[in-house]
>>> print(open('upload07.cif').read())   # mmCIF, C-alpha atoms and all ligand atoms
data_final
loop_
_atom_site.group_PDB
_atom_site.id
_atom_site.type_symbol
_atom_site.label_atom_id
_atom_site.label_comp_id
_atom_site.auth_asym_id
_atom_site.auth_seq_id
_atom_site.Cartn_x
_atom_site.Cartn_y
_atom_site.Cartn_z
ATOM 1 C CA MET A 1 140.964 82.917 78.235
ATOM 2 C CA ARG A 2 137.563 81.633 77.295
ATOM 3 C CA ILE A 3 134.634 82.093 79.625
ATOM 4 C CA VAL A 4 132.380 79.055 79.887
ATOM 5 C CA PRO A 5 129.192 78.568 81.885
ATOM 6 C CA ARG A 6 129.556 76.411 84.958
ATOM 7 C CA SER A 7 128.471 72.893 84.216
ATOM 8 C CA HIS A 8 127.788 69.604 85.883
ATOM 9 C CA THR A 9 126.225 66.448 84.519
ATOM 10 C CA CYS A 10 123.724 63.942 85.830
ATOM 11 C CA PRO A 11 125.640 61.058 87.498
ATOM 12 C CA SER A 12 123.239 58.524 85.970
ATOM 13 C CA CYS A 13 122.675 59.636 82.330
ATOM 14 C CA LEU A 14 125.242 62.458 81.860
ATOM 15 C CA THR A 15 122.614 65.060 80.900
ATOM 16 C CA GLU A 16 123.937 68.592 81.370
ATOM 17 C CA LEU A 17 122.304 70.022 84.506
ATOM 18 C CA GLY A 18 124.159 73.347 84.719
ATOM 19 C CA ARG A 19 121.288 75.395 83.229
ATOM 20 C CA ILE A 20 118.555 73.832 85.340
ATOM 21 C CA ARG A 21 117.380 75.855 88.277
ATOM 22 C CA ALA A 22 117.862 74.255 91.696
ATOM 23 C CA ALA A 23 114.695 74.283 93.788
ATOM 24 C CA PRO A 24 115.133 74.166 97.558
ATOM 25 C CA ASP A 25 113.800 70.867 98.899
ATOM 26 C CA PRO A 26 110.940 71.263 101.402
ATOM 27 C CA HIS A 27 112.707 69.510 104.309
ATOM 28 C CA TYR A 28 116.234 70.880 104.472
ATOM 29 C CA GLY A 29 116.230 73.678 101.890
ATOM 30 C CA LEU A 30 119.043 71.999 99.940
ATOM 31 C CA PRO A 31 119.396 73.076 96.283
ATOM 32 C CA VAL A 32 117.967 70.022 94.539
ATOM 33 C CA VAL A 33 118.208 69.544 90.769
ATOM 34 C CA VAL A 34 115.969 66.921 89.181
ATOM 35 C CA CYS A 35 117.351 65.482 85.925
ATOM 36 C CA PRO A 36 114.874 66.104 83.060
ATOM 37 C CA SER A 37 115.881 62.836 81.282
ATOM 38 C CA CYS A 38 115.982 60.241 84.052
ATOM 39 C CA SER A 39 114.421 62.302 86.912
ATOM 40 C CA LEU A 40 117.271 61.494 89.276
ATOM 41 C CA PRO A 41 117.408 64.123 92.020
ATOM 42 C CA THR A 42 120.848 65.495 92.910
ATOM 43 C CA VAL A 43 121.945 68.148 95.376
ATOM 44 C CA ARG A 44 123.933 70.960 93.859
ATOM 45 C CA GLN A 45 126.984 71.973 95.846
ATOM 46 C CA ARG A 46 128.770 75.277 95.693
ATOM 47 C CA HIS A 47 132.511 75.326 95.516
ATOM 48 C CA PRO A 48 133.879 75.206 99.105
ATOM 49 C CA ASP A 49 135.995 78.326 98.469
ATOM 50 C CA ILE A 50 132.932 80.310 97.448
ATOM 51 C CA GLU A 51 131.057 78.971 100.476
ATOM 52 C CA PHE A 52 133.923 79.982 102.756
ATOM 53 C CA TRP A 53 134.080 83.534 101.434
ATOM 54 C CA ARG A 54 130.332 83.879 101.562
ATOM 55 C CA ARG A 55 130.270 82.783 105.198
ATOM 56 C CA PHE A 56 133.233 85.025 105.969
ATOM 57 C CA ARG A 57 131.516 88.030 104.400
ATOM 58 C CA ARG A 58 128.306 87.325 106.268
ATOM 59 C CA VAL A 59 130.062 87.016 109.658
ATOM 60 C CA HIS A 60 132.217 90.050 108.896
ATOM 61 C CA SER A 61 129.275 92.269 108.056
ATOM 62 C CA ALA A 62 127.357 91.014 111.104
ATOM 63 C CA ILE A 63 130.269 91.869 113.419
ATOM 64 C CA ARG A 64 130.728 95.245 111.734
ATOM 65 C CA GLY A 65 127.022 96.000 112.233
ATOM 66 C CA VAL A 66 127.152 95.097 115.919
ATOM 67 C CA VAL A 67 130.302 97.152 116.529
ATOM 68 C CA LEU A 68 128.803 100.106 114.666
ATOM 69 C CA ARG A 69 125.593 99.898 116.690
ATOM 70 C CA ILE A 70 127.335 99.595 120.053
ATOM 71 C CA GLY A 71 129.720 102.419 119.123
ATOM 72 C CA LEU A 72 126.993 104.784 118.002
ATOM 73 C CA THR A 73 124.814 104.007 121.037
ATOM 74 C CA ILE A 74 127.619 104.625 123.544
ATOM 75 C CA GLY A 75 128.924 107.643 121.609
ATOM 76 C CA GLY A 76 125.429 109.110 121.297
ATOM 77 C CA ALA A 77 124.748 108.632 124.997
ATOM 78 C CA ALA A 78 128.072 110.295 125.885
ATOM 79 C CA LEU A 79 127.333 113.231 123.578
ATOM 80 C CA ILE A 80 123.822 113.796 124.961
ATOM 81 C CA ALA A 81 125.206 113.566 128.516
ATOM 82 C CA LEU A 82 127.869 116.121 127.573
ATOM 83 C CA PHE A 83 125.171 118.402 126.153
ATOM 84 C CA VAL A 84 123.173 118.143 129.389
ATOM 85 C CA MET A 85 126.318 119.083 131.349
ATOM 86 C CA VAL A 86 127.044 121.980 128.983
ATOM 87 C CA SER A 87 123.468 123.140 129.316
ATOM 88 C CA ASP A 88 124.046 123.466 133.087
ATOM 89 C CA ASP A 89 124.970 127.049 132.248
ATOM 90 C CA MET A 90 123.108 127.508 128.991
ATOM 91 C CA PHE A 91 119.574 126.739 130.041
ATOM 92 C CA THR A 92 119.666 128.141 133.551
ATOM 93 C CA ILE A 93 119.458 131.460 135.324
ATOM 94 C CA HIS A 94 121.202 131.021 138.671
ATOM 95 C CA GLY A 95 120.538 127.286 138.716
ATOM 96 C CA GLN A 96 116.870 127.755 137.900
ATOM 97 C CA PHE A 97 115.451 125.550 135.137
ATOM 98 C CA SER A 98 114.103 127.527 132.205
ATOM 99 C CA PRO A 99 114.391 125.921 128.770
ATOM 100 C CA GLU A 100 113.462 129.148 126.992
ATOM 101 C CA TYR A 101 116.414 131.024 128.523
ATOM 102 C CA PRO A 102 118.746 130.901 125.479
ATOM 103 C CA PHE A 103 115.933 132.067 123.229
ATOM 104 C CA THR A 104 114.665 134.963 125.378
ATOM 105 C CA THR A 105 117.951 136.647 126.258
ATOM 106 C CA GLY A 106 118.127 138.113 122.757
ATOM 107 C CA ASP A 107 121.652 136.735 122.444
ATOM 108 C CA PRO A 108 121.706 135.208 118.923
ATOM 109 C CA GLN A 109 124.875 133.220 119.632
ATOM 110 C CA LEU A 110 123.351 131.545 122.667
ATOM 111 C CA ALA A 111 120.157 130.801 120.765
ATOM 112 C CA MET A 112 122.141 129.369 117.830
ATOM 113 C CA GLY A 113 124.188 127.249 120.218
ATOM 114 C CA ALA A 114 121.074 125.878 121.886
ATOM 115 C CA LEU A 115 119.453 125.157 118.495
ATOM 116 C CA MET A 116 122.562 123.358 117.236
ATOM 117 C CA LEU A 117 122.747 121.343 120.436
ATOM 118 C CA LEU A 118 119.134 120.222 120.169
ATOM 119 C CA GLY A 119 119.495 119.623 116.415
ATOM 120 C CA THR A 120 122.517 117.395 117.002
ATOM 121 C CA CYS A 121 120.520 115.368 119.545
ATOM 122 C CA VAL A 122 117.704 114.921 117.005
ATOM 123 C CA LEU A 123 120.187 113.817 114.303
ATOM 124 C CA LEU A 124 121.873 111.440 116.740
ATOM 125 C CA MET A 125 118.616 109.771 117.694
ATOM 126 C CA MET A 126 117.672 109.581 114.010
ATOM 127 C CA SER A 127 120.859 107.757 113.060
ATOM 128 C CA VAL A 128 120.555 105.377 116.019
ATOM 129 C CA VAL A 129 116.994 104.445 115.038
ATOM 130 C CA LEU A 130 117.981 104.031 111.357
ATOM 131 C CA LEU A 131 120.949 101.852 112.284
ATOM 132 C CA TYR A 132 118.873 99.561 114.480
ATOM 133 C CA ARG A 133 116.065 99.396 111.892
ATOM 134 C CA HIS A 134 112.503 98.685 112.958
ATOM 135 C CA ARG A 135 113.240 95.548 114.936
ATOM 136 C CA SER A 136 114.638 97.035 118.116
ATOM 137 C CA ILE A 137 113.915 100.760 118.142
ATOM 138 C CA PHE A 138 112.566 100.854 121.690
ATOM 139 C CA PHE A 139 115.464 98.737 122.875
ATOM 140 C CA ALA A 140 117.934 101.152 121.254
ATOM 141 C CA ILE A 141 116.248 104.261 122.678
ATOM 142 C CA THR A 142 116.052 102.769 126.174
ATOM 143 C CA ILE A 143 119.704 101.699 126.097
ATOM 144 C CA MET A 144 120.862 105.071 124.799
ATOM 145 C CA LEU A 145 118.892 107.220 127.260
ATOM 146 C CA GLY A 146 119.720 104.797 130.091
ATOM 147 C CA LEU A 147 123.422 105.169 129.299
ATOM 148 C CA THR A 148 123.026 108.955 129.238
ATOM 149 C CA LEU A 149 121.467 108.877 132.715
ATOM 150 C CA LEU A 150 124.249 106.569 133.901
ATOM 151 C CA ILE A 151 126.950 108.936 132.631
ATOM 152 C CA LEU A 152 125.211 111.907 134.284
ATOM 153 C CA THR A 153 125.025 110.000 137.569
ATOM 154 C CA ILE A 154 128.642 108.857 137.323
ATOM 155 C CA ASP A 155 129.632 112.504 136.852
ATOM 156 C CA TYR A 156 128.155 113.268 140.287
ATOM 157 C CA THR A 157 129.584 110.099 141.761
ATOM 158 C CA PHE A 158 133.065 111.339 140.852
ATOM 159 C CA VAL A 159 132.478 114.427 143.007
ATOM 160 C CA TRP A 160 131.509 112.201 145.897
ATOM 161 C CA ILE A 161 134.518 109.954 145.346
ATOM 162 C CA GLU A 162 136.885 112.925 145.228
ATOM 163 C CA ARG A 163 135.379 114.462 148.363
ATOM 164 C CA THR A 164 135.638 111.167 150.222
ATOM 165 C CA MET A 165 139.240 110.709 149.114
ATOM 166 C CA ALA A 166 139.999 114.274 150.226
ATOM 167 C CA GLN A 167 138.613 113.512 153.688
ATOM 168 C CA LEU A 168 140.430 110.188 153.908
ATOM 169 C CA PHE A 169 143.829 111.446 152.794
ATOM 170 C CA ALA A 170 143.413 114.975 154.119
ATOM 171 C CA PHE A 171 143.998 116.959 150.940
ATOM 172 C CA LEU A 172 142.107 120.017 149.799
ATOM 173 C CA SER A 173 139.467 119.402 147.163
ATOM 174 C CA ASP A 174 138.128 122.276 145.088
ATOM 175 C CA THR A 175 134.956 120.395 144.185
ATOM 176 C CA ARG A 176 131.793 120.719 146.198
ATOM 177 C CA TYR A 177 128.701 118.597 146.458
ATOM 178 C CA PRO A 178 126.067 119.598 143.917
ATOM 179 C CA ARG A 179 123.062 121.238 145.510
ATOM 180 C CA ARG A 180 119.805 119.363 145.455
ATOM 181 C CA SER A 181 118.288 121.989 143.155
ATOM 182 C CA GLU A 182 121.274 121.662 140.788
ATOM 183 C CA MET A 183 120.840 117.904 140.598
ATOM 184 C CA MET A 184 117.124 118.270 140.045
ATOM 185 C CA GLY A 185 117.777 120.912 137.375
ATOM 186 C CA ARG A 186 120.212 118.638 135.585
ATOM 187 C CA PHE A 187 117.787 115.732 135.463
ATOM 188 C CA ILE A 188 114.944 117.957 134.340
ATOM 189 C CA ARG A 189 117.217 119.196 131.529
ATOM 190 C CA PHE A 190 118.034 115.596 130.720
ATOM 191 C CA ALA A 191 114.292 114.967 130.385
ATOM 192 C CA PHE A 192 113.930 118.079 128.197
ATOM 193 C CA ILE A 193 116.891 117.368 125.884
ATOM 194 C CA GLY A 194 116.086 113.645 125.847
ATOM 195 C CA SER A 195 112.511 114.206 124.747
ATOM 196 C CA CYS A 196 113.689 116.752 122.144
ATOM 197 C CA SER A 197 116.044 114.109 120.725
ATOM 198 C CA LEU A 198 113.078 111.723 120.439
ATOM 199 C CA LEU A 199 111.826 114.000 117.619
ATOM 200 C CA GLY A 200 114.491 112.236 115.526
ATOM 201 C CA VAL A 201 112.433 109.034 115.657
ATOM 202 C CA VAL A 202 109.800 110.483 113.284
ATOM 203 C CA PRO A 203 112.063 111.269 110.261
ATOM 204 C CA ALA A 204 113.972 108.039 110.943
ATOM 205 C CA LEU A 205 110.780 105.999 110.643
ATOM 206 C CA LEU A 206 109.785 107.839 107.444
ATOM 207 C CA LEU A 207 113.273 107.455 105.931
ATOM 208 C CA GLY A 208 113.358 103.791 107.017
ATOM 209 C CA GLY A 209 110.128 103.176 105.104
ATOM 210 C CA ILE A 210 111.545 104.845 101.988
ATOM 211 C CA VAL A 211 114.797 102.867 102.173
ATOM 212 C CA ASP A 212 112.985 99.565 102.676
ATOM 213 C CA ARG A 213 110.706 100.233 99.721
ATOM 214 C CA SER A 214 113.586 101.145 97.379
ATOM 215 C CA ASP A 215 115.423 98.001 98.543
ATOM 216 C CA ARG A 216 112.421 95.920 97.564
ATOM 217 C CA ARG A 217 112.184 97.698 94.190
ATOM 218 C CA ARG A 218 115.874 97.079 93.475
ATOM 219 C CA PHE A 219 115.497 93.397 94.367
ATOM 220 C CA ARG A 220 112.523 93.037 92.007
ATOM 221 C CA ARG A 221 114.433 94.753 89.169
ATOM 222 C CA LEU A 222 117.354 92.375 89.662
ATOM 223 C CA LEU A 223 115.037 89.355 89.741
ATOM 224 C CA ASN A 224 113.337 90.392 86.474
ATOM 225 C CA LYS A 225 116.715 90.950 84.818
ATOM 226 C CA ARG A 226 117.909 87.487 85.843
ATOM 227 C CA ARG A 227 114.666 85.916 84.606
ATOM 228 C CA LYS A 228 115.056 87.632 81.253
ATOM 229 C CA GLN A 229 118.677 86.433 80.966
ATOM 230 C CA ARG A 230 117.602 82.871 81.714
ATOM 231 C CA ARG A 231 114.911 83.051 79.036
ATOM 232 C CA ILE A 232 117.480 84.205 76.458
ATOM 233 C CA HIS A 233 119.815 81.336 77.324
ATOM 234 C CA ASP A 234 117.193 78.560 77.192
HETATM 235 ZN ZN ZN B 301 119.860 61.823 84.418
#
>>> encode(input="upload07.cif", output="structure tokens", more="lines below")
Ligand SMILES: [Zn+2]
Amino acid sequence: MRIVPRSHTCPSCLTELGRIRAAPDPHYGLPVVVCPSCSLPTVRQRHPDIEFWRRFRRVHSAIRGVVLRIGLTIGGAALIALFVMVSDDMFTIHGQFSPEYPFTTGDPQLAMGALMLLGTCVLLMMSVVLLYRHRSIFFAITIMLGLTLLILTIDYTFVWIERTMAQLFAFLSDTRYPRRSEMMGRFIRFAFIGSCSLLGVVPALLLGGIVDRSDRRRFRRLLNKRRKQRRIHD
């Protein structure tokens, strides 16, 4: 099979217009080609199949991005909430808040566990910020930490629901209401772990800058290559 360049001719004088670059018109941005022989302007149209697949790909990648963002935000919030719940025992001595506890007991396993937990939170926040890009970082952080708080509150609400059900239907419940100090401790730990995870914003911003710059460089390389090709053809 022979490969030929795409071609179309001027409807008025039949000059080949396939090689001429289409400039977007100032009003509608349509790809307008002006015939060099008779200066008749025509609008270049892409094949409808190509247009369809282009639109499909664009919509598909947009939906995938949204799903990925929502998934990571909810998943991240759930994981941080889980970490706060786990840390109920890790960071406390008899329900007393002390963030240095895992590091001062001299237990290397506990210290490692605490470090990994905090490191995971930092990585999580980093990937959330990178995924949202610069546009909506504060939105993403607020949503994620808000969800975490919501999950932590719902966890307590379940205790209340179970206790109420136990009273209503007269069955024995082995849960008890959290003490005020326990609730306070949990939310202070949320503040501690949450602010630790915010450390992830810094590398994310730096990495984001690097990625954006390399994107721009790649685009410029491609543009120069295309320009060179066009020069060879003309
Ligand atoms: Zn013409």
>>> residues_near_ligand(input="upload07.cif", ligand="ligand ZN 301 (chain B)", cutoff="9 Å", atoms="all atoms listed in the file", output="list in words")
Thr9, Cys10, Pro11, Ser12, Cys13, Leu14, Thr15, Glu16, Leu17, Val34, Cys35, Pro36, Ser37, Cys38, Ser39, Leu40 and Pro41 of chain A
>>> write_last_selection(input="upload07.cif", atoms="C-alpha atoms", output="short mmCIF file (atom, residue, chain, number, x, y, z; two decimals), in the coordinates of the input")
data_model
loop_
_atom_site.label_atom_id
_atom_site.label_comp_id
_atom_site.auth_asym_id
_atom_site.auth_seq_id
_atom_site.Cartn_x
_atom_site.Cartn_y
_atom_site.Cartn_z
CA THR A 9 126.22 66.45 84.52
CA CYS A 10 123.72 63.94 85.83
CA PRO A 11 125.64 61.06 87.50
CA SER A 12 123.24 58.52 85.97
CA CYS A 13 122.68 59.64 82.33
CA LEU A 14 125.24 62.46 81.86
CA THR A 15 122.61 65.06 80.90
CA GLU A 16 123.94 68.59 81.37
CA LEU A 17 122.30 70.02 84.51
CA VAL A 34 115.97 66.92 89.18
CA CYS A 35 117.35 65.48 85.92
CA PRO A 36 114.87 66.10 83.06
CA SER A 37 115.88 62.84 81.28
CA CYS A 38 115.98 60.24 84.05
CA SER A 39 114.42 62.30 86.91
CA LEU A 40 117.27 61.49 89.28
CA PRO A 41 117.41 64.12 92.02
#
>>> residues_around(input="upload07.cif", residues="Pro203 (chain A)", least_positions_apart="4", cutoff="8 Å", atoms="all atoms listed in the file", output="list in words")
Met126, Leu199 and Leu207 of chain A
>>> resolve_selection(input="upload07.cif", expression="the PyMOL selection byres (((chain A and resi 167-180) around 12) and not hetatm)", output="ChimeraX atom specification")
/A:88,95-96,153,155-166,181-187
>>> resolve_selection(input="upload07.cif", expression="the PyMOL selection byres (((chain A and resi 132) around 12) and not hetatm)", output="number ranges by chain")
A: 65-70, 72-73, 125-131, 133-141, 143-144, 201, 204-205, 208
>>> resolve_selection(input="upload07.cif", expression="the PyMOL selection byres (((chain A and resi 145) around 10) and not hetatm)", output="mmCIF file with C-alpha atoms, in the frame of the given file")
data_model
loop_
_atom_site.group_PDB
_atom_site.id
_atom_site.type_symbol
_atom_site.label_atom_id
_atom_site.label_comp_id
_atom_site.auth_asym_id
_atom_site.auth_seq_id
_atom_site.Cartn_x
_atom_site.Cartn_y
_atom_site.Cartn_z
ATOM 1 C CA THR A 73 124.814 104.007 121.037
ATOM 2 C CA ILE A 74 127.619 104.625 123.544
ATOM 3 C CA GLY A 76 125.429 109.110 121.297
ATOM 4 C CA ALA A 77 124.748 108.632 124.997
ATOM 5 C CA ALA A 78 128.072 110.295 125.885
ATOM 6 C CA ILE A 80 123.822 113.796 124.961
ATOM 7 C CA ALA A 81 125.206 113.566 128.516
ATOM 8 C CA MET A 125 118.616 109.771 117.694
ATOM 9 C CA ALA A 140 117.934 101.152 121.254
ATOM 10 C CA ILE A 141 116.248 104.261 122.678
ATOM 11 C CA THR A 142 116.052 102.769 126.174
ATOM 12 C CA ILE A 143 119.704 101.699 126.097
ATOM 13 C CA MET A 144 120.862 105.071 124.799
ATOM 14 C CA GLY A 146 119.720 104.797 130.091
ATOM 15 C CA LEU A 147 123.422 105.169 129.299
ATOM 16 C CA THR A 148 123.026 108.955 129.238
ATOM 17 C CA LEU A 149 121.467 108.877 132.715
ATOM 18 C CA LEU A 150 124.249 106.569 133.901
ATOM 19 C CA ILE A 151 126.950 108.936 132.631
ATOM 20 C CA PHE A 190 118.034 115.596 130.720
ATOM 21 C CA ALA A 191 114.292 114.967 130.385
ATOM 22 C CA GLY A 194 116.086 113.645 125.847
ATOM 23 C CA SER A 195 112.511 114.206 124.747
ATOM 24 C CA SER A 197 116.044 114.109 120.725
#
>>> closest_residue(input="upload07.cif", among="A:Ile193, A:Ala23, A:Ile63, A:Met112", to="Leu79 (chain A)", atoms="all atoms listed in the file")
A:Ile193
>>> axis_aligned_box(input="upload07.cif", around="region 127-144 of chain A", padding_each_side="6 Å", output="lines of an AutoDock Vina configuration file")
center_x = 116.7
center_y = 101.7
center_z = 118.8
size_x = 20.4
size_y = 24.2
size_z = 26.8
>>> atom_distance(input="upload07.cif", atom1="CA of His27 (chain A)", atom2="CA of Arg54 (chain A)")
22.9 Å
>>> decode(input="upload07.cif", residues="region 146-183 of chain A", atoms="C-alpha atoms", output="PDB file, in the first residue's frame")
ATOM      1  CA  GLY A 146     -12.626  17.154  56.262  1.00  0.00           C
ATOM      2  CA  LEU A 147     -13.443  13.601  55.179  1.00  0.00           C
ATOM      3  CA  THR A 148     -10.944  12.255  57.715  1.00  0.00           C
ATOM      4  CA  LEU A 149     -12.668  14.212  60.496  1.00  0.00           C
ATOM      5  CA  LEU A 150     -16.046  12.973  59.260  1.00  0.00           C
ATOM      6  CA  ILE A 151     -14.909   9.339  59.353  1.00  0.00           C
ATOM      7  CA  LEU A 152     -13.484   9.810  62.866  1.00  0.00           C
ATOM      8  CA  THR A 153     -16.769  11.340  64.018  1.00  0.00           C
ATOM      9  CA  ILE A 154     -18.834   8.620  62.346  1.00  0.00           C
ATOM     10  CA  ASP A 155     -16.733   6.051  64.211  1.00  0.00           C
ATOM     11  CA  TYR A 156     -17.954   7.553  67.500  1.00  0.00           C
ATOM     12  CA  THR A 157     -21.472   7.937  66.181  1.00  0.00           C
ATOM     13  CA  PHE A 158     -21.591   4.173  65.632  1.00  0.00           C
ATOM     14  CA  VAL A 159     -20.923   3.656  69.348  1.00  0.00           C
ATOM     15  CA  TRP A 160     -23.802   5.955  70.164  1.00  0.00           C
ATOM     16  CA  ILE A 161     -26.072   4.216  67.668  1.00  0.00           C
ATOM     17  CA  GLU A 162     -25.202   0.788  69.061  1.00  0.00           C
ATOM     18  CA  ARG A 163     -25.742   1.926  72.648  1.00  0.00           C
ATOM     19  CA  THR A 164     -29.096   3.457  71.763  1.00  0.00           C
ATOM     20  CA  MET A 165     -30.161   0.310  69.925  1.00  0.00           C
ATOM     21  CA  ALA A 166     -29.075  -1.770  72.927  1.00  0.00           C
ATOM     22  CA  GLN A 167     -31.276   0.335  75.209  1.00  0.00           C
ATOM     23  CA  LEU A 168     -34.209   0.248  72.802  1.00  0.00           C
ATOM     24  CA  PHE A 169     -34.145  -3.484  72.133  1.00  0.00           C
ATOM     25  CA  ALA A 170     -32.724  -4.479  75.506  1.00  0.00           C
ATOM     26  CA  PHE A 171     -29.633  -6.378  74.400  1.00  0.00           C
ATOM     27  CA  LEU A 172     -26.211  -6.251  75.980  1.00  0.00           C
ATOM     28  CA  SER A 173     -23.686  -4.066  74.209  1.00  0.00           C
ATOM     29  CA  ASP A 174     -19.980  -4.492  74.880  1.00  0.00           C
ATOM     30  CA  THR A 175     -19.161  -0.999  73.634  1.00  0.00           C
ATOM     31  CA  ARG A 176     -18.974   1.961  75.949  1.00  0.00           C
ATOM     32  CA  TYR A 177     -19.117   5.672  75.366  1.00  0.00           C
ATOM     33  CA  PRO A 178     -15.680   7.149  74.730  1.00  0.00           C
ATOM     34  CA  ARG A 179     -14.481   9.319  77.577  1.00  0.00           C
ATOM     35  CA  ARG A 180     -14.192  13.016  76.966  1.00  0.00           C
ATOM     36  CA  SER A 181     -10.410  12.822  77.347  1.00  0.00           C
ATOM     37  CA  GLU A 182     -10.285   9.963  74.811  1.00  0.00           C
ATOM     38  CA  MET A 183     -12.246  11.989  72.281  1.00  0.00           C
TER      39      MET A 183
END
